[in-house]
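Read the structure below first, then the notes.
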Amino acid sequence: MKHHGVAGTVLARDTPHIAGYERLASLDLASIEADELARKIEAEAVAIFGLREARLTNGPAPPHVEATESGFVIPLSGLRLIGDGNLNDGWEEQARLFAAQVGSLLRAHQALSLNRRHEAEISALYATVGQLTARRDVEAVLRTVVDRARELLASDLAYIMLLNEGGTLLRMRVAAGHQTEAFMQIQRPVRPGVSAYIGKPVSTSDFLNDRGLDHDGATDDLVRLEGVRSVLGVPLRTELAALGTLLVANRFVHEFTDTQIALLSSLGEHAALALDNARLYEAAVAAAESSAAARSEAETHLNRLQRAEEVHHRLTEVLLAGDGVVGVAGTLAQAFGAGVLITDWRHKVLADVGSEIKIDREGNVAATMLRRRDVRLALDRCASEFETVAIGSEVVIAPIAARRELLGYIWATQHREDPDEALPTSIEQAARVVALEMLREREAVETERRLRRDFMYELLSERTPEPLVLEPRARQVWRSFGLDHRPLVISVLSRHAVGGSPVERARRLLVEDRPADFVTVHGSYLVLLTTCLERDRVMEEAEVIRGLLARNGMDASVAIGARCRGLVETRASVVSAHRVMELLSPQSIMWAEGLELLTILFDPSQRDRLESFVRRTLAPLEGKDALMTTLHAYYEAAGNRALAARAIGVHVNTLRQRLERIESIMGGSVDESTRALPLRLALLARGMSN
């Protein structure tokens with residue numbers, strides 16, 4: 001996408017090199033491959049610097065731009081650009097600009113490539129789910145799981161350990177990638193610190209040297225013989241029982257990422273379900289063969305399992321076909337003749353197929369429904385225990401969760417005298433599938449979130465940013481860039497813990513509710529850029545933001561910055577609003593424009609100094625609130641007594657009398673600069689902190 005503006009036109013006319021930067025900025029990073037991007041960077045380098053040749057390679061690079069015998073070397077985001085040719089005067093400044101522009105381009109491309117790789121991993125996980133649902137043999141299920149776990153995480157080995165009947169001992173059952181037969185003899189006691197015991201993932205970058213883990217001497221000896229270093233284990237468990245542990249390991253030190261842990265956890269959930277189904281299938285077949293009396297019951301149970309497997313398979317196909325959450329709801333509704341409603345954790349409706357659950361005008365589950373005591377108790381149990389809950393005989397609610405994080409709910413209503421017993425199981429399967437879809441959608445927006453966050457950190461860094469480098473990135477992350485705007489710095493405090501970090505939860509809410517605004521996290525605050533400019537309008541928008549967060553269990557205070565016309569002004573306004581927020585800690589909305597001088601005089605870490613200044617300056621007027629209000633209005637009206645009198649609702653003569661009294665108390669004119677400046681600052685600080 002090409003971007004043109006007044007500044008870009010002037011630069012292109014004065015500096016021919018800018019055309020090369022504009023061509024690079026216009027590249028479609030979502031479709032270009034790494035090799036092609038490297039060739040274009042090399043070609044532009046040759047054109048910009050007049051080189052014979054340019055090569056973008058891996059390998060050690062100097063910390064800064066550096067001349068060589070044949071040309072120069074430029075470090076570029078983990079790579080290096082080697083240029084051969086005669087260098088012109090001023091090449092170093094141009095090379096540093098080139099490094100900043102192309103480095104940003106490479107980092108953005110790497111982020112997009114990472115996102116595509118995550119999507120490929122999720123697709124591979126879907127394929128595994130399809131394989132598992134088709135397996136009814138326990139050994140085949142176990143072998144499929146370890147092979148795919150090793151493939152998905154690119155690990156040296158993968159293995160499954162299953163619990164004995166008493167749940168006190170884990171025994172090695174199947175492994176892939178191991179080199180010693182002794183490794184298959186591992187069996188270890190189940191104690192606190194073991195994944196199968198605590199029901200949560202356990203990871204370590206160096207197993208044998210990690211004193212925080214539970215160690216068993218015999219197990220450690222066999223692990224040492226195999227050469228294992230880093231290990232990640234996730235529990236294999238169903239809603240009814242723990243089955244064992246799925247593990248991957250490497251023969252080198254490695255820190256497992258949150259994405260890898262989430263991926264293996266998802267595979268473990270589906271593997272446990274498939275393993276349990278396979279065991280039940282084998283038990284059903286054995287029962288049918290051993291007893292004619294048990295055959296009817298076994299066949300019924302078998303049919304129910306087959307139906308659940310069929311529904312699960314259809315759900316997986318729906319997502320692979322790209323039908324998303326709406327397709328899942330439609331599949332469940334058709335399979336069971338039920339009404340199905342899928343919501344996120346805030347009860348915002350994502351899909352509704354024939355349900356009778358009441359929905360309000362904003363697309364949320366109606367408050368009258370949520371206030372019902374039985375519904376409230378059911379939702380609380382879903383959120384705390386991650387269990388499926390029935391409300392009477394008509395409504396079933398299942399939580400949508402991933403790694404103990406609540407993502408949403410599935411509501412199913414079935415008006416039948418004999419409710420289908422397979423419905424709760426299929427809803428739970430659907431919840432796992434929907435969780436995968438939500439995680440995939442989250443990955444899709446993670447790239448934009450990271451680009452916005454990185455852009456804001458670079459804009460606010462101690463080093464003054466180069467507008468020529470940042471402007472193309474600004475256009476990528478905010479479609480309204482180029483218009484006049486104001487920054488809002490927002491402090492968020494959650495009243496109760498639901499849905500993860502309150503700042504990140506608030507960011508997601510505002511991104512969804514205000515797609516035209518720029519929203520990102522910077523430090524412990526949110527930064528929002530809006531094109532609302534007029535004071536009354538932007539104050540209304542700040543109240544709307546506080547109302548939205550309040551409805552979702554969060555209290556927010558807002559500092560509104562000055563009007564901005566470009567990146568330099570944006571940086572100054574955000575920094576000033578951020579400092580004023582830290583200095584004055586407002587409880588609601590604060591107009592930060594005009595308070596910049598306070599941030600210069602008082603460091604935010606020394607708030608006591610500001611409070612001492614306010615007390616000392618206003619001490620003669622202490623307890624005389626009417627006089628302080630009069631003086632503040634007088635300064636706000638720039639010395640116009642008529643305007644000041646109207647602002648506080650008194651007659652102009654009354655205002656004059658009060659000013660005379662103030663001057664007698666202060667010992668001189670309130671217009672004298674040496675007296676007016678500290679009074680003005682103290683009144684501003686007092687008003688904003690109250």
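Each chain in the structure tokens gets a letter, A, B, ..., in the order shown, and its residues are numbered from 1; ligands are numbered from 1 in order too.
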
Note to self: Can you pull out the residues contacting Val228 (chain A)? Cut-off 7 Å, using only C-alpha atoms, and skip same-chain residues under 5 positions away; I want them as an MDAnalysis selection string.
What the structure shows: chainID A and resid 223 249:251

Item checked: Selection: 9 Å around region 334-344 of chain A, only C-alpha atoms, excl. self and same-chain fewer than 2 positions, as a ChimeraX atom specification -> /A:311,325-326,329-332,346-357,364-365,400,406-415,420,422-423

Note to self: Between CA of Glu139 (chain A) and CA of Ala272 (chain A), what distance in Å does the model show, to one decimal?
What the structure shows: 13.1 Å

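Pairwise distance (CA of Ala644 (chain A), CA of Ala682 (chain A)) equals 18.3 Å.
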
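Considering the residues A:Gln429, A:Val396, A:Leu436, A:Phe455 and counting only C-alpha atoms, Pro472 (chain A) has its shortest atom-to-atom contact with A:Phe455.
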
Note to self: List as JSON, numbers by chain the protein and nucleic acid residues near Leu510 (chain A), meaning an atom at most 9 Å away when only C-alpha atoms are counted, but skip any in the same chain fewer than 4 places from it.
What the structure shows: {"A": [505, 506, 514, 515, 517, 519, 528, 545, 548, 549]}

Store the residues picked out above in a file with N, CA and C atoms, as a CSV table (one decimal), in the first residue's frame.
```csv
chain,number,residue,atom,x,y,z
A,505,ARG,N,-6.9,-6.6,29.2
A,505,ARG,CA,-8.3,-6.8,29.0
A,505,ARG,C,-9.0,-5.5,28.6
A,506,ALA,N,-8.6,-4.3,29.2
A,506,ALA,CA,-9.1,-3.0,28.8
A,506,ALA,C,-8.7,-2.7,27.3
A,514,ARG,N,-13.7,0.6,19.6
A,514,ARG,CA,-13.3,1.9,18.9
A,514,ARG,C,-12.3,1.5,17.8
A,515,PRO,N,-12.7,0.9,16.8
A,515,PRO,CA,-11.8,0.5,15.7
A,515,PRO,C,-11.1,1.6,15.0
A,517,ASP,N,-9.9,4.3,16.5
A,517,ASP,CA,-8.8,4.9,17.3
A,517,ASP,C,-7.6,4.0,17.4
A,519,VAL,N,-5.0,2.2,19.8
A,519,VAL,CA,-5.0,1.8,21.2
A,519,VAL,C,-3.8,0.8,21.4
A,528,LEU,N,-4.3,5.9,24.0
A,528,LEU,CA,-5.3,6.0,23.0
A,528,LEU,C,-5.2,7.3,22.2
A,545,ILE,N,-15.5,6.0,27.5
A,545,ILE,CA,-14.5,5.0,27.8
A,545,ILE,C,-14.6,4.5,29.2
A,548,LEU,N,-17.6,2.2,29.6
A,548,LEU,CA,-17.4,0.8,29.0
A,548,LEU,C,-16.6,0.0,30.0
A,549,LEU,N,-15.5,0.5,30.5
A,549,LEU,CA,-14.6,-0.3,31.4
A,549,LEU,C,-15.3,-0.6,32.7
```

Next item on the list: Find, counting only C-alpha atoms, the residue in A:Ile32, A:Met172, A:Ala108, A:Val489 that gets nearest to Val580 (chain A).
Entry: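 Using only C-alpha atoms, Val580 (chain A) sits closest to A:Val489.
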
Next item on the list: Write out as a PyMOL selection string which residues come within 7 Å of Lys200 (chain A) when counting only C-alpha atoms, dropping same-chain ones fewer than 4 positions away.
Entry: chain A and resi 195+234-235

Next item on the list: Name the residues in contact with region 154-171 of chain A at a cut-off of 8 Å, using only C-alpha atoms, excluding same-chain residues fewer than 6 positions from it; report them as a PyMOL selection string.
Entry: chain A and resi 142+146-147+177-178+185-190+242-251

Margin query: Please identify the helix (DSSP H, G or I) residues within region 346-559 of chain A (assignment by DSSP from backbone atoms) and present them as a ChimeraX atom specification.
Written below: /A:367-370,373-385,422-459,467-477,502-513,535-551

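Each of A:His215, A:Ile74, A:Glu387, A:Ala176 was checked against Leu240 (chain A) using only C-alpha atoms; the smallest atom-to-atom distance is that of A:Glu387.
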
Margin query: as a PyMOL selection string, please: every residue in region 394-618 of chain A that a backbone DSSP assignment puts in strand (DSSP E).
Written below: chain A and resi 395-402+405-413+486-494+518-522+525-530+554-560+589-591

Item checked: Pick from A:Gln179, A:Ile82, A:Glu33, A:Leu267, whichever lies nearest to Arg148 (chain A) using only C-alpha atoms ->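 Of the candidates, the smallest distance to Arg148 (chain A) is held by A:Leu267.
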